[in-house]
Amino acid sequence: MEDALRPVIVICASVLITLAIGWATDRLLHKAAERNHDSPLWELLRRARMPYQLVLCTALLRGSYDQAKVLERHQAGIARTLTLVLIGSAAWLVIRIAAAVVETTYRRYARVHQDAARVRRVRTQVELIMRVVSAIVIVVAIASMLLTFPAMRAAGASLLASAGILGIVAGVAAQSTLSNMFAGLQIAFGDMVRIGDTVVVDGEWGTVDEITLTFLTVRTWDERRITMPVSYFTSKPFENWSRGTPQMTGTVFWHLDHSAPVEAMREKLRDILRECPAWDGRSYSLVVTDSTPSTLQVRALMTAKDSADIWTVRVAVREQMITWLVREHPYALPRVNTAAAVLPPHHLPSLDGTSLRKDHAHPRTGRP
């Protein structure tokens, strides 16, 4: 009877103690969160309740397993399984705690600093640091699990002896992967591109959505996702519209007839911009930049506080100016001229179809 109750008592006691300690810890964290509304640390730590209880329960079972005397024939296998679960849950708990601390630090920094560019830079660095920490913890946990097997410990000496050759081979085989990882660290701490930056890559305009140690994702204006290796941003040129000041200057071009009222268009551009909330009021202009035998090229220039607003200003100016020209000055629109050429005022047509000037003698008669 005692042999049958002993494992039940050990297992039930371990589970009950785990639940009691987990509940008490959760209540303490909840009260700490209510007292410190400005810090999200305590609420984030409450998310680690599951790995915390798993660590407690596994540790209690591992420590009391010898006293339970359950499946004594498989004692070594069960003990090793509990050890592996304990190592895995401990790694899970460490990652959750590190994530809570890092996220709290970032939120505190974002709340204090109003500079959006600096906040995006810290966010990029924080996410990459968290990925590095998670990778290190996972690697250490896996290594610790492998070392619990006697065969792996015996092979440790031979692995260390061949580490130099294996390192060279792995370095050559994973050259592109390693270059991407170093490029990711360079992007994170070199402030080249940050999460939330507006960039133009290979002719595609979009916003940086995610940065990892190996790849970077750009979300385009039409909701597509472009995934590129981070080494691209350290080896090729790209446009970053958010670096430095976000203010931008935009242009709009029209191809119009030579009779277009340029001065009236300048006044209309001023009226359009004054009624456009996206215009920041810094500057504007309208000039003729080129001419062809059939059209004039007119360029309007305007400013805005960021890339989103400059797009709004450009489309508003383009649409309203064309609408105004169609309504008020339709002759200014480009057209194909099929009429006969207008002769200069001092030339008159002759009987043979050639032109004749009044102040010059006829080449045959010598008379005017």
# chains A, B, ... in the order shown; residues from 1 in each chain; ligands from 1
>>> residues_around(residues="Ile272 in chain A", least_positions_apart="2", cutoff="12 Å", atoms="only C-alpha atoms", output="PyMOL selection string")
chain A and resi 265-270+274-279+281+284+300+302+313-324
>>> write_last_selection(atoms="C-alpha atoms", output="PDB file, in the first residue's frame")
ATOM      1  CA  MET A 265      -0.579  78.764 -63.240  1.00  0.00           C
ATOM      2  CA  ARG A 266       1.807  80.148 -60.597  1.00  0.00           C
ATOM      3  CA  GLU A 267      -1.054  81.937 -58.905  1.00  0.00           C
ATOM      4  CA  LYS A 268      -3.265  78.859 -59.121  1.00  0.00           C
ATOM      5  CA  LEU A 269      -0.504  76.700 -57.608  1.00  0.00           C
ATOM      6  CA  ARG A 270      -0.271  79.087 -54.674  1.00  0.00           C
ATOM      7  CA  ARG A 274      -2.829  77.150 -49.358  1.00  0.00           C
ATOM      8  CA  GLU A 275      -5.918  74.936 -49.283  1.00  0.00           C
ATOM      9  CA  CYS A 276      -3.914  71.671 -48.975  1.00  0.00           C
ATOM     10  CA  PRO A 277      -3.354  70.642 -45.305  1.00  0.00           C
ATOM     11  CA  ALA A 278      -0.407  68.405 -46.240  1.00  0.00           C
ATOM     12  CA  TRP A 279       1.707  71.334 -47.517  1.00  0.00           C
ATOM     13  CA  GLY A 281       4.319  76.098 -46.139  1.00  0.00           C
ATOM     14  CA  TYR A 284       6.884  76.306 -53.771  1.00  0.00           C
ATOM     15  CA  ALA A 300       5.840  72.647 -60.075  1.00  0.00           C
ATOM     16  CA  MET A 302       6.403  71.956 -53.387  1.00  0.00           C
ATOM     17  CA  VAL A 313       0.471  67.227 -52.043  1.00  0.00           C
ATOM     18  CA  ARG A 314       1.708  66.010 -55.428  1.00  0.00           C
ATOM     19  CA  VAL A 315      -1.466  64.171 -56.376  1.00  0.00           C
ATOM     20  CA  ALA A 316      -3.638  67.099 -55.213  1.00  0.00           C
ATOM     21  CA  VAL A 317      -1.641  69.647 -57.223  1.00  0.00           C
ATOM     22  CA  ARG A 318      -1.584  67.457 -60.334  1.00  0.00           C
ATOM     23  CA  GLU A 319      -5.333  66.786 -60.290  1.00  0.00           C
ATOM     24  CA  GLN A 320      -6.526  70.282 -59.406  1.00  0.00           C
ATOM     25  CA  MET A 321      -4.228  72.018 -61.881  1.00  0.00           C
ATOM     26  CA  ILE A 322      -5.376  69.824 -64.776  1.00  0.00           C
ATOM     27  CA  THR A 323      -9.014  70.375 -63.780  1.00  0.00           C
ATOM     28  CA  TRP A 324      -8.463  74.147 -63.713  1.00  0.00           C
TER      29      TRP A 324
END
>>> residues_around(residues="Pro246 in chain A", least_positions_apart="6", cutoff="12 Å", atoms="only C-alpha atoms", output="list of chain:residue names")
A:Asp115, A:Ala116, A:Ala117, A:Asp197, A:Thr198, A:Val199, A:Asn240, A:Thr303, A:Ala304, A:Lys305, A:Asp306, A:Ser307, A:Ala308, A:Asp309, A:Ile310
>>> write_last_selection(atoms="all heavy atoms", output="JSON list (two decimals), in the first residue's frame")
[["chain", "number", "residue", "atom", "x", "y", "z"],
["A", 115, "ASP", "N", 11.92, 62.09, -30.44],
["A", 115, "ASP", "CA", 12.50, 61.97, -31.77],
["A", 115, "ASP", "C", 12.15, 60.60, -32.36],
["A", 115, "ASP", "O", 12.61, 59.57, -31.88],
["A", 115, "ASP", "CB", 14.02, 62.15, -31.70],
["A", 115, "ASP", "CG", 14.65, 62.25, -33.08],
["A", 115, "ASP", "OD1", 13.92, 62.06, -34.08],
["A", 115, "ASP", "OD2", 15.86, 62.52, -33.18],
["A", 116, "ALA", "N", 11.31, 60.61, -33.40],
["A", 116, "ALA", "CA", 10.85, 59.34, -33.98],
["A", 116, "ALA", "C", 11.99, 58.55, -34.59],
["A", 116, "ALA", "O", 12.01, 57.32, -34.52],
["A", 116, "ALA", "CB", 9.77, 59.61, -35.04],
["A", 117, "ALA", "N", 12.96, 59.24, -35.18],
["A", 117, "ALA", "CA", 14.09, 58.54, -35.81],
["A", 117, "ALA", "C", 14.92, 57.80, -34.76],
["A", 117, "ALA", "O", 15.32, 56.65, -34.97],
["A", 117, "ALA", "CB", 14.96, 59.52, -36.58],
["A", 197, "ASP", "N", 11.48, 53.03, -41.37],
["A", 197, "ASP", "CA", 12.03, 53.96, -42.35],
["A", 197, "ASP", "C", 11.37, 53.77, -43.71],
["A", 197, "ASP", "O", 11.02, 52.66, -44.09],
["A", 197, "ASP", "CB", 13.54, 53.76, -42.49],
["A", 197, "ASP", "CG", 14.31, 54.41, -41.35],
["A", 197, "ASP", "OD1", 13.66, 54.96, -40.45],
["A", 197, "ASP", "OD2", 15.55, 54.36, -41.37],
["A", 198, "THR", "N", 11.23, 54.86, -44.44],
["A", 198, "THR", "CA", 10.72, 54.81, -45.81],
["A", 198, "THR", "C", 11.91, 54.72, -46.75],
["A", 198, "THR", "O", 12.78, 55.59, -46.75],
["A", 198, "THR", "CB", 9.89, 56.07, -46.12],
["A", 198, "THR", "OG1", 8.81, 56.16, -45.19],
["A", 198, "THR", "CG2", 9.34, 56.00, -47.53],
["A", 199, "VAL", "N", 11.95, 53.65, -47.56],
["A", 199, "VAL", "CA", 13.10, 53.39, -48.42],
["A", 199, "VAL", "C", 12.62, 53.11, -49.84],
["A", 199, "VAL", "O", 11.45, 52.78, -50.07],
["A", 199, "VAL", "CB", 13.93, 52.19, -47.91],
["A", 199, "VAL", "CG1", 14.51, 52.48, -46.53],
["A", 199, "VAL", "CG2", 13.07, 50.93, -47.87],
["A", 240, "ASN", "N", 16.99, 56.20, -48.54],
["A", 240, "ASN", "CA", 16.35, 56.19, -47.23],
["A", 240, "ASN", "C", 15.77, 57.58, -46.99],
["A", 240, "ASN", "O", 16.48, 58.51, -46.65],
["A", 240, "ASN", "CB", 17.36, 55.82, -46.14],
["A", 240, "ASN", "CG", 16.68, 55.59, -44.80],
["A", 240, "ASN", "OD1", 15.54, 55.98, -44.59],
["A", 240, "ASN", "ND2", 17.39, 54.98, -43.87],
["A", 303, "THR", "N", 6.83, 71.47, -51.03],
["A", 303, "THR", "CA", 7.48, 70.81, -49.89],
["A", 303, "THR", "C", 6.42, 70.24, -48.95],
["A", 303, "THR", "O", 5.26, 70.65, -48.95],
["A", 303, "THR", "CB", 8.37, 71.80, -49.12],
["A", 303, "THR", "OG1", 7.56, 72.90, -48.66],
["A", 303, "THR", "CG2", 9.48, 72.33, -50.01],
["A", 304, "ALA", "N", 6.87, 69.28, -48.12],
["A", 304, "ALA", "CA", 6.00, 68.68, -47.10],
["A", 304, "ALA", "C", 6.87, 68.14, -45.98],
["A", 304, "ALA", "O", 8.09, 68.01, -46.12],
["A", 304, "ALA", "CB", 5.14, 67.57, -47.70],
["A", 305, "LYS", "N", 6.23, 67.78, -44.86],
["A", 305, "LYS", "CA", 7.00, 67.40, -43.68],
["A", 305, "LYS", "C", 7.52, 65.97, -43.74],
["A", 305, "LYS", "O", 8.47, 65.63, -43.05],
["A", 305, "LYS", "CB", 6.17, 67.57, -42.41],
["A", 305, "LYS", "CG", 4.94, 66.67, -42.32],
["A", 305, "LYS", "CD", 4.17, 66.94, -41.04],
["A", 305, "LYS", "CE", 2.93, 66.07, -40.94],
["A", 305, "LYS", "NZ", 3.23, 64.62, -40.86],
["A", 306, "ASP", "N", 6.94, 65.09, -44.59],
["A", 306, "ASP", "CA", 7.44, 63.73, -44.70],
["A", 306, "ASP", "C", 7.00, 63.14, -46.04],
["A", 306, "ASP", "O", 6.32, 63.80, -46.84],
["A", 306, "ASP", "CB", 6.98, 62.85, -43.54],
["A", 306, "ASP", "CG", 5.47, 62.85, -43.36],
["A", 306, "ASP", "OD1", 4.75, 63.01, -44.36],
["A", 306, "ASP", "OD2", 5.00, 62.69, -42.22],
["A", 307, "SER", "N", 7.40, 61.90, -46.28],
["A", 307, "SER", "CA", 7.13, 61.26, -47.57],
["A", 307, "SER", "C", 5.64, 61.03, -47.81],
["A", 307, "SER", "O", 5.17, 61.10, -48.95],
["A", 307, "SER", "CB", 7.89, 59.93, -47.65],
["A", 307, "SER", "OG", 7.48, 59.06, -46.61],
["A", 308, "ALA", "N", 4.89, 60.74, -46.76],
["A", 308, "ALA", "CA", 3.45, 60.52, -46.93],
["A", 308, "ALA", "C", 2.74, 61.79, -47.36],
["A", 308, "ALA", "O", 1.90, 61.80, -48.26],
["A", 308, "ALA", "CB", 2.84, 59.97, -45.64],
["A", 309, "ASP", "N", 3.09, 62.90, -46.72],
["A", 309, "ASP", "CA", 2.45, 64.17, -47.05],
["A", 309, "ASP", "C", 2.88, 64.67, -48.43],
["A", 309, "ASP", "O", 2.08, 65.29, -49.14],
["A", 309, "ASP", "CB", 2.78, 65.22, -45.99],
["A", 309, "ASP", "CG", 1.94, 65.04, -44.75],
["A", 309, "ASP", "OD1", 1.05, 64.17, -44.76],
["A", 309, "ASP", "OD2", 2.17, 65.76, -43.75],
["A", 310, "ILE", "N", 4.13, 64.43, -48.83],
["A", 310, "ILE", "CA", 4.55, 64.92, -50.15],
["A", 310, "ILE", "C", 3.80, 64.20, -51.25],
["A", 310, "ILE", "O", 3.50, 64.77, -52.30],
["A", 310, "ILE", "CB", 6.08, 64.77, -50.31],
["A", 310, "ILE", "CG1", 6.57, 65.68, -51.45],
["A", 310, "ILE", "CG2", 6.48, 63.35, -50.59],
["A", 310, "ILE", "CD1", 6.37, 67.13, -51.21]]
>>> residues_around(residues="Asp26 in chain A", least_positions_apart="2", cutoff="10 Å", atoms="only C-alpha atoms", output="ChimeraX atom specification")
/A:20-24,28-32,42-43,45-49
>>> write_last_selection(atoms="all heavy atoms", output="tab-separated table (two decimals), in the first residue's frame")
chain	number	residue	atom	x	y	z
A	20	ALA	N	0.73	26.38	-6.24
A	20	ALA	CA	0.65	27.35	-5.15
A	20	ALA	C	1.72	28.44	-5.32
A	20	ALA	O	1.43	29.64	-5.19
A	20	ALA	CB	0.81	26.64	-3.80
A	21	ILE	N	2.94	28.03	-5.58
A	21	ILE	CA	4.01	29.02	-5.75
A	21	ILE	C	3.74	29.88	-6.99
A	21	ILE	O	3.94	31.11	-6.99
A	21	ILE	CB	5.37	28.32	-5.87
A	21	ILE	CG1	5.70	27.60	-4.55
A	21	ILE	CG2	6.47	29.31	-6.21
A	21	ILE	CD1	6.99	26.82	-4.60
A	22	GLY	N	3.26	29.25	-8.09
A	22	GLY	CA	2.94	30.02	-9.29
A	22	GLY	C	1.85	31.03	-9.06
A	22	GLY	O	1.93	32.18	-9.52
A	23	TRP	N	0.78	30.64	-8.33
A	23	TRP	CA	-0.31	31.57	-8.04
A	23	TRP	C	0.18	32.71	-7.15
A	23	TRP	O	-0.18	33.89	-7.39
A	23	TRP	CB	-1.44	30.81	-7.34
A	23	TRP	CG	-2.60	31.70	-6.98
A	23	TRP	CD1	-3.63	32.09	-7.78
A	23	TRP	CD2	-2.83	32.32	-5.70
A	23	TRP	NE1	-4.49	32.91	-7.09
A	23	TRP	CE2	-4.03	33.07	-5.80
A	23	TRP	CE3	-2.14	32.30	-4.48
A	23	TRP	CZ2	-4.55	33.79	-4.73
A	23	TRP	CZ3	-2.66	33.02	-3.42
A	23	TRP	CH2	-3.85	33.76	-3.55
A	24	ALA	N	0.96	32.40	-6.12
A	24	ALA	CA	1.46	33.44	-5.22
A	24	ALA	C	2.37	34.42	-5.98
A	24	ALA	O	2.27	35.65	-5.79
A	24	ALA	CB	2.22	32.81	-4.05
A	28	LEU	N	1.72	38.50	-6.61
A	28	LEU	CA	2.71	39.52	-6.26
A	28	LEU	C	3.04	40.40	-7.46
A	28	LEU	O	3.14	41.63	-7.34
A	28	LEU	CB	3.97	38.85	-5.72
A	28	LEU	CG	3.85	38.16	-4.36
A	28	LEU	CD1	5.15	37.43	-4.01
A	28	LEU	CD2	3.51	39.19	-3.27
A	29	LEU	N	3.18	39.79	-8.64
A	29	LEU	CA	3.46	40.57	-9.84
A	29	LEU	C	2.28	41.45	-10.22
A	29	LEU	O	2.46	42.59	-10.68
A	29	LEU	CB	3.80	39.62	-11.00
A	29	LEU	CG	5.12	38.85	-10.88
A	29	LEU	CD1	5.27	37.88	-12.04
A	29	LEU	CD2	6.31	39.80	-10.84
A	30	HIS	N	1.06	40.96	-10.00
A	30	HIS	CA	-0.13	41.77	-10.29
A	30	HIS	C	-0.20	43.00	-9.39
A	30	HIS	O	-0.51	44.11	-9.84
A	30	HIS	CB	-1.38	40.90	-10.13
A	30	HIS	CG	-2.65	41.63	-10.41
A	30	HIS	ND1	-3.01	42.06	-11.68
A	30	HIS	CD2	-3.66	42.05	-9.58
A	30	HIS	CE1	-4.17	42.69	-11.61
A	30	HIS	NE2	-4.59	42.68	-10.35
A	31	LYS	N	0.08	42.81	-8.10
A	31	LYS	CA	0.07	43.95	-7.18
A	31	LYS	C	1.19	44.94	-7.51
A	31	LYS	O	1.01	46.16	-7.43
A	31	LYS	CB	0.22	43.45	-5.75
A	31	LYS	CG	-1.00	42.69	-5.23
A	31	LYS	CD	-0.82	42.27	-3.78
A	31	LYS	CE	-2.04	41.53	-3.27
A	31	LYS	NZ	-1.88	41.10	-1.85
A	32	ALA	N	2.35	44.41	-7.89
A	32	ALA	CA	3.44	45.30	-8.28
A	32	ALA	C	3.08	46.10	-9.53
A	32	ALA	O	3.43	47.28	-9.67
A	32	ALA	CB	4.71	44.49	-8.52
A	42	TRP	N	6.24	44.37	-14.84
A	42	TRP	CA	5.58	43.34	-14.04
A	42	TRP	C	4.51	42.60	-14.85
A	42	TRP	O	4.35	41.39	-14.73
A	42	TRP	CB	4.96	43.98	-12.80
A	42	TRP	CG	5.93	44.86	-12.09
A	42	TRP	CD1	5.92	46.22	-11.98
A	42	TRP	CD2	7.13	44.43	-11.41
A	42	TRP	NE1	7.00	46.67	-11.28
A	42	TRP	CE2	7.76	45.59	-10.90
A	42	TRP	CE3	7.71	43.18	-11.16
A	42	TRP	CZ2	8.94	45.54	-10.19
A	42	TRP	CZ3	8.89	43.13	-10.44
A	42	TRP	CH2	9.49	44.29	-9.97
A	43	GLU	N	3.79	43.32	-15.70
A	43	GLU	CA	2.82	42.65	-16.56
A	43	GLU	C	3.51	41.74	-17.58
A	43	GLU	O	3.00	40.67	-17.92
A	43	GLU	CB	1.96	43.69	-17.29
A	43	GLU	CG	0.89	44.33	-16.42
A	43	GLU	CD	-0.15	43.32	-15.97
A	43	GLU	OE1	-0.36	42.31	-16.67
A	43	GLU	OE2	-0.76	43.55	-14.90
A	45	LEU	N	6.37	40.23	-17.09
A	45	LEU	CA	6.88	39.07	-16.36
A	45	LEU	C	5.78	38.05	-16.09
A	45	LEU	O	6.05	36.85	-15.97
A	45	LEU	CB	7.52	39.51	-15.05
A	45	LEU	CG	8.89	40.21	-15.16
A	45	LEU	CD1	9.37	40.67	-13.79
A	45	LEU	CD2	9.92	39.29	-15.80
A	46	ARG	N	4.54	38.51	-15.99
A	46	ARG	CA	3.44	37.58	-15.76
A	46	ARG	C	3.26	36.63	-16.95
A	46	ARG	O	2.71	35.54	-16.79
A	46	ARG	CB	2.14	38.34	-15.51
A	46	ARG	CG	2.13	39.14	-14.22
A	46	ARG	CD	0.81	39.82	-14.02
A	46	ARG	NE	-0.27	38.84	-13.80
A	46	ARG	CZ	-1.57	39.17	-13.75
A	46	ARG	NH1	-1.94	40.42	-13.93
A	46	ARG	NH2	-2.46	38.22	-13.55
A	47	ARG	N	3.73	37.04	-18.14
A	47	ARG	CA	3.64	36.17	-19.31
A	47	ARG	C	4.59	34.97	-19.20
A	47	ARG	O	4.45	34.01	-19.96
A	47	ARG	CB	3.96	36.96	-20.57
A	47	ARG	CG	3.01	38.13	-20.83
A	47	ARG	CD	3.43	38.87	-22.09
A	47	ARG	NE	2.58	40.04	-22.32
A	47	ARG	CZ	2.76	40.89	-23.33
A	47	ARG	NH1	3.75	40.70	-24.20
A	47	ARG	NH2	1.96	41.93	-23.47
A	48	ALA	N	5.55	35.05	-18.27
A	48	ALA	CA	6.49	33.95	-18.08
A	48	ALA	C	5.98	32.94	-17.04
A	48	ALA	O	6.77	32.11	-16.56
A	48	ALA	CB	7.85	34.50	-17.66
A	49	ARG	N	4.70	33.00	-16.72
A	49	ARG	CA	4.17	32.12	-15.69
A	49	ARG	C	4.25	30.65	-16.11
A	49	ARG	O	4.60	29.78	-15.31
A	49	ARG	CB	2.71	32.49	-15.40
A	49	ARG	CG	2.06	31.63	-14.32
A	49	ARG	CD	0.66	32.12	-14.03
A	49	ARG	NE	0.02	31.30	-12.99
A	49	ARG	CZ	-1.20	31.52	-12.51
A	49	ARG	NH1	-1.91	32.54	-12.99
A	49	ARG	NH2	-1.71	30.74	-11.58
>>> atom_distance(atom1="CA of Met130 in chain A", atom2="CA of Leu19 in chain A")
29.4 Å
>>> atom_distance(atom1="CA of Ile211 in chain A", atom2="CA of Arg96 in chain A")
20.3 Å
>>> closest_residue(among="A:Thr148, A:Val15, A:Pro51, A:Glu103", to="Thr81 in chain A", atoms="only C-alpha atoms")
A:Thr148
>>> atom_distance(atom1="CA of Leu44 in chain A", atom2="CA of Ser14 in chain A")
26.0 Å
